[in-house]
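Participant: Here you go, entry-v8.pdb (PDB, C-alpha atoms):
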```pdb
ATOM      1  CA  MET K   1      35.786  13.847  82.754
ATOM      2  CA  LYS K   2      36.137  12.776  79.129
ATOM      3  CA  LYS K   3      38.795  15.429  78.496
ATOM      4  CA  HIS K   4      40.674  14.345  81.620
ATOM      5  CA  LEU K   5      40.706  10.714  80.478
ATOM      6  CA  SER K   6      41.977  11.746  77.039
ATOM      7  CA  ILE K   7      44.917  13.620  78.538
ATOM      8  CA  THR K   8      45.636  10.756  80.910
ATOM      9  CA  HIS K   9      45.618   8.277  78.031
ATOM     10  CA  LYS K  10      48.207  10.310  76.109
ATOM     11  CA  LEU K  11      50.460  10.384  79.158
ATOM     12  CA  LEU K  12      50.043   6.645  79.640
ATOM     13  CA  VAL K  13      51.051   5.953  76.052
ATOM     14  CA  LEU K  14      54.348   7.722  76.681
ATOM     15  CA  THR K  15      54.777   6.079  80.073
ATOM     16  CA  ALA K  16      54.051   2.673  78.570
ATOM     17  CA  MET K  17      57.262   2.810  76.585
ATOM     18  CA  VAL K  18      59.402   3.027  79.715
ATOM     19  CA  PHE K  19      60.177  -0.690  79.966
ATOM     20  CA  GLY K  20      61.353  -2.474  76.853
ATOM     21  CA  ALA K  21      63.445  -5.241  78.349
ATOM     22  CA  SER K  22      61.882  -8.215  78.052
ATOM     23  CA  ALA K  23      58.996  -6.696  76.076
ATOM     24  CA  CYS K  24      56.332  -7.934  73.701
ATOM     25  CA  ILE K  25      55.350  -8.839  70.150
ATOM     26  CA  SER K  26      51.810  -9.807  69.313
ATOM     27  CA  GLU K  27      51.602 -12.779  66.984
ATOM     28  CA  THR K  28      48.809 -10.971  65.138
ATOM     29  CA  GLU K  29      50.799  -7.779  64.543
ATOM     30  CA  THR K  30      53.633  -6.909  62.166
ATOM     31  CA  PRO K  31      56.310  -4.962  64.053
ATOM     32  CA  LEU K  32      58.065  -1.942  62.576
ATOM     33  CA  ILE K  33      61.348  -3.564  63.553
ATOM     34  CA  ASP K  34      61.528  -7.114  62.223
ATOM     35  CA  GLN K  35      62.934  -9.918  64.359
ATOM     36  CA  SER K  36      65.768 -10.324  61.834
ATOM     37  CA  GLN K  37      67.078  -6.968  63.074
ATOM     38  CA  VAL K  38      67.784  -8.333  66.548
ATOM     39  CA  GLU K  39      71.559  -8.398  66.935
ATOM     40  CA  ILE K  40      72.933 -11.108  69.160
ATOM     41  CA  THR K  41      76.241 -12.896  69.469
ATOM     42  CA  THR K  42      74.928 -15.856  71.397
ATOM     43  CA  THR K  43      74.555 -19.497  70.467
ATOM     44  CA  GLU K  44      71.662 -21.881  69.954
ATOM     45  CA  GLU K  45      70.357 -24.368  72.536
ATOM     46  CA  GLY K  46      73.164 -26.705  73.541
ATOM     47  CA  GLY K  47      75.822 -24.721  71.696
ATOM     48  CA  GLU K  48      77.071 -22.792  74.706
ATOM     49  CA  ASN K  49      79.015 -24.566  77.419
ATOM     50  CA  LEU K  50      77.531 -22.924  80.519
ATOM     51  CA  LYS K  51      79.825 -24.455  83.113
ATOM     52  CA  LYS K  52      78.901 -24.461  86.774
ATOM     53  CA  GLY K  53      81.095 -22.357  89.023
ATOM     54  CA  GLY K  54      82.142 -18.737  88.510
ATOM     55  CA  LEU K  55      80.524 -15.871  86.682
ATOM     56  CA  ILE K  56      80.228 -16.183  82.914
ATOM     57  CA  PRO K  57      78.969 -13.695  80.295
ATOM     58  CA  TYR K  58      75.325 -14.024  79.262
ATOM     59  CA  GLU K  59      73.311 -12.155  76.644
ATOM     60  CA  GLU K  60      69.794 -12.080  75.215
ATOM     61  CA  SER K  61      68.027  -9.807  72.703
ATOM     62  CA  PHE K  62      64.398  -9.165  71.781
ATOM     63  CA  VAL K  63      62.059  -7.364  69.439
ATOM     64  CA  ASN K  64      59.501  -5.792  71.726
ATOM     65  CA  GLN K  65      56.386  -3.749  72.443
ATOM     66  CA  ILE K  66      54.462  -2.927  75.626
ATOM     67  CA  THR K  67      50.735  -2.975  76.460
ATOM     68  CA  VAL K  68      49.192  -0.277  78.675
ATOM     69  CA  VAL K  69      46.733  -1.315  81.398
ATOM     70  CA  PRO K  70      45.238   1.987  82.647
ATOM     71  CA  PRO K  71      44.373   2.571  86.307
ATOM     72  CA  THR K  72      40.951   1.668  87.652
ATOM     73  CA  GLU K  73      39.015   2.664  90.759
ATOM     74  CA  GLU K  74      40.009  -0.622  92.367
ATOM     75  CA  LEU K  75      43.687  -0.366  91.371
ATOM     76  CA  PRO K  76      44.788   3.236  90.632
ATOM     77  CA  LEU K  77      48.087   2.279  89.001
ATOM     78  CA  THR K  78      49.260   2.028  85.396
ATOM     79  CA  PHE K  79      50.699  -1.406  84.600
ATOM     80  CA  LEU K  80      52.895  -2.159  81.609
ATOM     81  CA  PRO K  81      52.770  -5.887  80.806
ATOM     82  CA  GLY K  82      54.321  -7.286  77.649
ATOM     83  CA  THR K  83      55.709 -10.315  75.859
ATOM     84  CA  GLY K  84      58.610 -10.713  73.454
ATOM     85  CA  VAL K  85      60.397 -12.935  70.956
ATOM     86  CA  GLY K  86      64.168 -13.140  70.601
ATOM     87  CA  LYS K  87      67.310 -15.192  71.148
ATOM     88  CA  ALA K  88      69.290 -16.015  74.271
ATOM     89  CA  GLN K  89      72.695 -17.504  74.930
ATOM     90  CA  GLY K  90      72.536 -21.269  75.326
ATOM     91  CA  MET K  91      68.765 -21.288  74.746
ATOM     92  CA  GLY K  92      68.201 -20.341  71.117
ATOM     93  CA  LYS K  93      64.756 -18.901  70.383
ATOM     94  CA  VAL K  94      63.102 -17.568  73.523
ATOM     95  CA  TYR K  95      59.989 -15.779  74.680
ATOM     96  CA  SER K  96      59.770 -12.997  77.248
ATOM     97  CA  PHE K  97      57.027 -12.075  79.703
ATOM     98  CA  ILE K  98      57.325  -8.885  81.749
ATOM     99  CA  ASN K  99      55.356  -6.613  84.028
ATOM    100  CA  GLN K 100      56.152  -3.102  85.255
ATOM    101  CA  VAL K 101      54.248  -0.363  87.023
ATOM    102  CA  ALA K 102      54.715   3.220  85.861
ATOM    103  CA  THR K 103      56.047   5.679  88.444
ATOM    104  CA  SER K 104      56.469   8.724  86.154
ATOM    105  CA  LEU K 105      56.616   9.587  82.460
ATOM    106  CA  THR K 106      60.184   8.278  82.268
ATOM    107  CA  THR K 107      60.456   5.673  85.033
ATOM    108  CA  SER K 108      58.904   2.366  86.014
ATOM    109  CA  GLU K 109      59.390  -0.318  88.656
ATOM    110  CA  GLY K 110      59.041  -4.092  88.508
ATOM    111  CA  ALA K 111      55.696  -5.728  89.275
ATOM    112  CA  PRO K 112      54.816  -9.451  89.549
ATOM    113  CA  VAL K 113      54.928 -11.043  86.092
ATOM    114  CA  THR K 114      52.255 -13.544  87.144
ATOM    115  CA  GLN K 115      49.748 -10.709  87.575
ATOM    116  CA  PHE K 116      48.978 -10.908  83.842
ATOM    117  CA  TYR K 117      50.790 -13.992  82.533
ATOM    118  CA  ALA K 118      50.242 -16.826  85.013
ATOM    119  CA  ASP K 119      48.409 -18.967  82.438
ATOM    120  CA  GLU K 120      50.915 -18.342  79.646
ATOM    121  CA  LEU K 121      53.845 -19.144  81.919
ATOM    122  CA  ALA K 122      52.091 -22.278  83.164
ATOM    123  CA  SER K 123      51.858 -23.463  79.547
ATOM    124  CA  PHE K 124      55.682 -23.608  79.602
ATOM    125  CA  GLY K 125      55.563 -25.537  82.872
ATOM    126  CA  LEU K 126      56.420 -22.459  84.952
ATOM    127  CA  THR K 127      54.403 -22.245  88.164
ATOM    128  CA  ASP K 128      54.970 -20.940  91.700
ATOM    129  CA  ILE K 129      56.983 -17.972  90.409
ATOM    130  CA  PRO K 130      57.874 -15.581  93.267
ATOM    131  CA  ASP K 131      56.211 -12.167  93.351
ATOM    132  CA  ASP K 132      59.570 -10.372  93.091
ATOM    133  CA  VAL K 133      60.072 -11.823  89.595
ATOM    134  CA  ASN K 134      58.925  -9.238  87.044
ATOM    135  CA  SER K 135      60.553 -10.667  83.917
ATOM    136  CA  VAL K 136      60.881 -14.228  82.629
ATOM    137  CA  THR K 137      62.840 -15.436  79.606
ATOM    138  CA  VAL K 138      61.845 -18.961  78.570
ATOM    139  CA  SER K 139      62.599 -21.343  75.711
ATOM    140  CA  GLU K 140      60.105 -23.722  74.115
ATOM    141  CA  ASN K 141      61.374 -26.607  76.261
ATOM    142  CA  GLY K 142      60.711 -24.715  79.486
ATOM    143  CA  THR K 143      64.268 -23.609  80.289
ATOM    144  CA  ALA K 144      63.824 -20.240  81.983
ATOM    145  CA  ILE K 145      65.637 -17.359  83.659
ATOM    146  CA  PHE K 146      63.896 -15.146  86.226
ATOM    147  CA  TYR K 147      64.717 -11.440  86.599
ATOM    148  CA  ARG K 148      64.110  -8.702  89.127
ATOM    149  CA  SER K 149      64.524  -5.201  87.721
ATOM    150  CA  GLU K 150      65.669  -2.020  89.413
ATOM    151  CA  THR K 151      64.199   1.330  88.331
ATOM    152  CA  ASN K 152      63.972   1.614  84.569
ATOM    153  CA  GLN K 153      65.103   5.022  83.274
ATOM    154  CA  ALA K 154      64.006   6.265  79.845
ATOM    155  CA  THR K 155      64.634   9.403  77.806
ATOM    156  CA  PHE K 156      61.965  11.613  76.296
ATOM    157  CA  PRO K 157      61.406  11.042  72.556
ATOM    158  CA  ASP K 158      63.883  12.636  70.163
ATOM    159  CA  ALA K 159      62.896  14.460  66.954
ATOM    160  CA  ASN K 160      62.096  11.132  65.311
ATOM    161  CA  GLY K 161      60.060   9.880  68.248
ATOM    162  CA  MET K 162      62.738   7.409  69.354
ATOM    163  CA  VAL K 163      63.368   6.692  73.027
ATOM    164  CA  THR K 164      66.273   4.911  74.718
ATOM    165  CA  PHE K 165      66.144   3.219  78.124
ATOM    166  CA  GLU K 166      68.342   1.432  80.644
ATOM    167  CA  ALA K 167      67.953  -0.547  83.874
ATOM    168  CA  VAL K 168      69.983  -2.799  86.145
ATOM    169  CA  VAL K 169      68.537  -6.327  86.340
ATOM    170  CA  HIS K 170      69.205  -9.149  88.791
ATOM    171  CA  ILE K 171      69.029 -12.854  87.924
ATOM    172  CA  VAL K 172      67.039 -14.572  90.672
ATOM    173  CA  GLY K 173      66.917 -18.204  89.581
ATOM    174  CA  GLY K 174      64.969 -19.998  86.902
ATOM    175  CA  THR K 175      64.398 -23.578  85.813
ATOM    176  CA  LYS K 176      66.572 -26.526  84.761
ATOM    177  CA  LYS K 177      70.212 -25.392  84.398
ATOM    178  CA  PHE K 178      69.228 -21.930  85.664
ATOM    179  CA  ARG K 179      67.317 -23.173  88.729
ATOM    180  CA  ASN K 180      69.726 -21.653  91.259
ATOM    181  CA  ALA K 181      71.333 -19.086  88.960
ATOM    182  CA  SER K 182      72.307 -15.633  90.183
ATOM    183  CA  GLY K 183      73.963 -12.604  88.656
ATOM    184  CA  GLU K 184      73.513  -9.048  87.531
ATOM    185  CA  GLY K 185      73.280  -7.285  84.198
ATOM    186  CA  VAL K 186      72.166  -4.205  82.308
ATOM    187  CA  LEU K 187      69.086  -3.891  80.150
ATOM    188  CA  THR K 188      69.340  -1.395  77.281
ATOM    189  CA  GLY K 189      67.138  -0.692  74.310
ATOM    190  CA  MET K 190      65.187   1.688  72.111
ATOM    191  CA  TYR K 191      61.647   2.018  70.771
ATOM    192  CA  ASP K 192      59.394   4.169  68.637
ATOM    193  CA  SER K 193      57.280   6.283  71.000
ATOM    194  CA  ASN K 194      54.458   6.367  68.443
ATOM    195  CA  THR K 195      53.991   2.591  68.414
ATOM    196  CA  GLY K 196      55.986   1.189  71.322
ATOM    197  CA  GLU K 197      57.850  -1.179  69.013
ATOM    198  CA  GLY K 198      61.601  -1.521  69.352
ATOM    199  CA  THR K 199      64.464  -3.741  70.450
ATOM    200  CA  SER K 200      66.119  -4.534  73.757
ATOM    201  CA  LYS K 201      69.159  -6.386  75.050
ATOM    202  CA  ILE K 202      70.389  -7.743  78.361
ATOM    203  CA  GLU K 203      74.114  -8.192  78.907
ATOM    204  CA  ALA K 204      74.876  -9.893  82.221
ATOM    205  CA  GLN K 205      77.264 -11.958  84.284
ATOM    206  CA  ILE K 206      75.580 -15.156  85.429
ATOM    207  CA  LYS K 207      76.585 -17.782  87.999
ATOM    208  CA  LEU K 208      75.179 -21.299  87.932
ATOM    209  CA  GLN K 209      75.037 -23.306  91.157
TER     210      GLN K 209
END
```
Show me the file's structure as structure tokens.
Facilitator:
Amino acid sequence: MKKHLSITHKLLVLTAMVFGASACISETETPLIDQSQVEITTTEEGGENLKKGGLIPYEESFVNQITVVPPTEELPLTFLPGTGVGKAQGMGKVYSFINQVATSLTTSEGAPVTQFYADELASFGLTDIPDDVNSVTVSENGTAIFYRSETNQATFPDANGMVTFEAVVHIVGGTKKFRNASGEGVLTGMYDSNTGEGTSKIEAQIKLQ
């Protein structure tokens, strides 16, 4: 049994890297990739004129890392919750909360973000978040965008242990100016398979109602 758990743990560590999009940084840890390395061409809060009407380009970037929650007898699934720090267009500094469930060594699907982060999201004034929301980007003033992710596809580690990943994401509302927002984008990123630390970016077209 002990040997079986050891092998399972190693597989989970690899699987845990599948989703980097809206990923996590612990405030008590020093990431291998510093936040200053996040490349973004977006503007600070109030600097972007997000007009209501048609689709407009939107972008956000994060430094990230994922936590593995192994399966239990009660819930035999591997969950991959995480939080992140980065910048987003029209919002400035933002935080990310995500949740995924592993489906293989290189794929994962979205799971309710409130499963692990209901209290943290409530501290930003975010409550009653639908179960189909598996990623939230939020600024310190509570401006938020909600995402639903399609299947996240990752590569196996290269010779240096680096992994790349990609997924289609859908904007399904938010708060304040993003309350009735919609749109679609692509999440891309990379991470170190030995630590889970890396960077991610979402480039999307967003429509404000």
Participant: Given the file shown, determine the residues that the PyMOL selection byres ((chain K and resi 76-84) around 6) selects; report them as JSON, numbers by chain.
Facilitator: {"K": [16, 23, 24, 25, 64, 66, 67, 68, 69, 70, 71, 72, 73, 75, 85, 95, 96, 97, 98, 99, 100, 101, 102]}
Participant: Take the residues that were just selected and, keeping C-alpha atoms, output them as a PDB file, keeping the file's coordinate frame.
Facilitator:
```
ATOM      1  CA  ALA K  16      54.051   2.673  78.570  1.00  0.00           C
ATOM      2  CA  ALA K  23      58.996  -6.696  76.076  1.00  0.00           C
ATOM      3  CA  CYS K  24      56.332  -7.934  73.701  1.00  0.00           C
ATOM      4  CA  ILE K  25      55.350  -8.839  70.150  1.00  0.00           C
ATOM      5  CA  ASN K  64      59.501  -5.792  71.726  1.00  0.00           C
ATOM      6  CA  ILE K  66      54.462  -2.927  75.626  1.00  0.00           C
ATOM      7  CA  THR K  67      50.735  -2.975  76.460  1.00  0.00           C
ATOM      8  CA  VAL K  68      49.192  -0.277  78.675  1.00  0.00           C
ATOM      9  CA  VAL K  69      46.733  -1.315  81.398  1.00  0.00           C
ATOM     10  CA  PRO K  70      45.238   1.987  82.647  1.00  0.00           C
ATOM     11  CA  PRO K  71      44.373   2.571  86.307  1.00  0.00           C
ATOM     12  CA  THR K  72      40.951   1.668  87.652  1.00  0.00           C
ATOM     13  CA  GLU K  73      39.015   2.664  90.759  1.00  0.00           C
ATOM     14  CA  LEU K  75      43.687  -0.366  91.371  1.00  0.00           C
ATOM     15  CA  VAL K  85      60.397 -12.935  70.956  1.00  0.00           C
ATOM     16  CA  TYR K  95      59.989 -15.779  74.680  1.00  0.00           C
ATOM     17  CA  SER K  96      59.770 -12.997  77.248  1.00  0.00           C
ATOM     18  CA  PHE K  97      57.027 -12.075  79.703  1.00  0.00           C
ATOM     19  CA  ILE K  98      57.325  -8.885  81.749  1.00  0.00           C
ATOM     20  CA  ASN K  99      55.356  -6.613  84.028  1.00  0.00           C
ATOM     21  CA  GLN K 100      56.152  -3.102  85.255  1.00  0.00           C
ATOM     22  CA  VAL K 101      54.248  -0.363  87.023  1.00  0.00           C
ATOM     23  CA  ALA K 102      54.715   3.220  85.861  1.00  0.00           C
TER      24      ALA K 102
END
```
Participant: One decimal, Å: what's the distance from atom CA of Tyr191 of chain K over to atom CA of Glu140 of chain K, could you say?
Facilitator: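 So the two atoms, atom CA of Tyr191 of chain K and atom CA of Glu140 of chain K, lie 26.0 Å apart.
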Participant: Write out as a ChimeraX atom specification which residues come within 7 Å of Ser182 of chain K when counting all atoms listed in the file, dropping same-chain ones fewer than 3 positions away.
Facilitator: /K:171-173,206-208
Participant: Mind writing the picked residues with C-alpha atoms as a PDB file, keeping the file's coordinate frame?
Facilitator:
```pdb
ATOM      1  CA  ILE K 171      69.029 -12.854  87.924  1.00  0.00           C
ATOM      2  CA  VAL K 172      67.039 -14.572  90.672  1.00  0.00           C
ATOM      3  CA  GLY K 173      66.917 -18.204  89.581  1.00  0.00           C
ATOM      4  CA  ILE K 206      75.580 -15.156  85.429  1.00  0.00           C
ATOM      5  CA  LYS K 207      76.585 -17.782  87.999  1.00  0.00           C
ATOM      6  CA  LEU K 208      75.179 -21.299  87.932  1.00  0.00           C
TER       7      LEU K 208
END
```
Participant: For Glu184 of chain K, which of K:Ile202, K:Val63, K:Val138, K:Val133 is the closest residue, counting all atoms listed in the file?
Facilitator: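 Checking each candidate against Glu184 of chain K, we get K:Ile202 as the closest.
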Participant: Any chance you could resolve the PyMOL selection byres ((chain K and resi 145) around 6) against this file and give the residues as a list in words?
Facilitator: Val136, Thr137, Ala144, Phe146 and Gly174 of chain K
Participant: Have a look at atom CA of Glu197 of chain K and atom CA of Asp119 of chain K and let me know their distance in Å, one decimal.
Facilitator: 24.2 Å
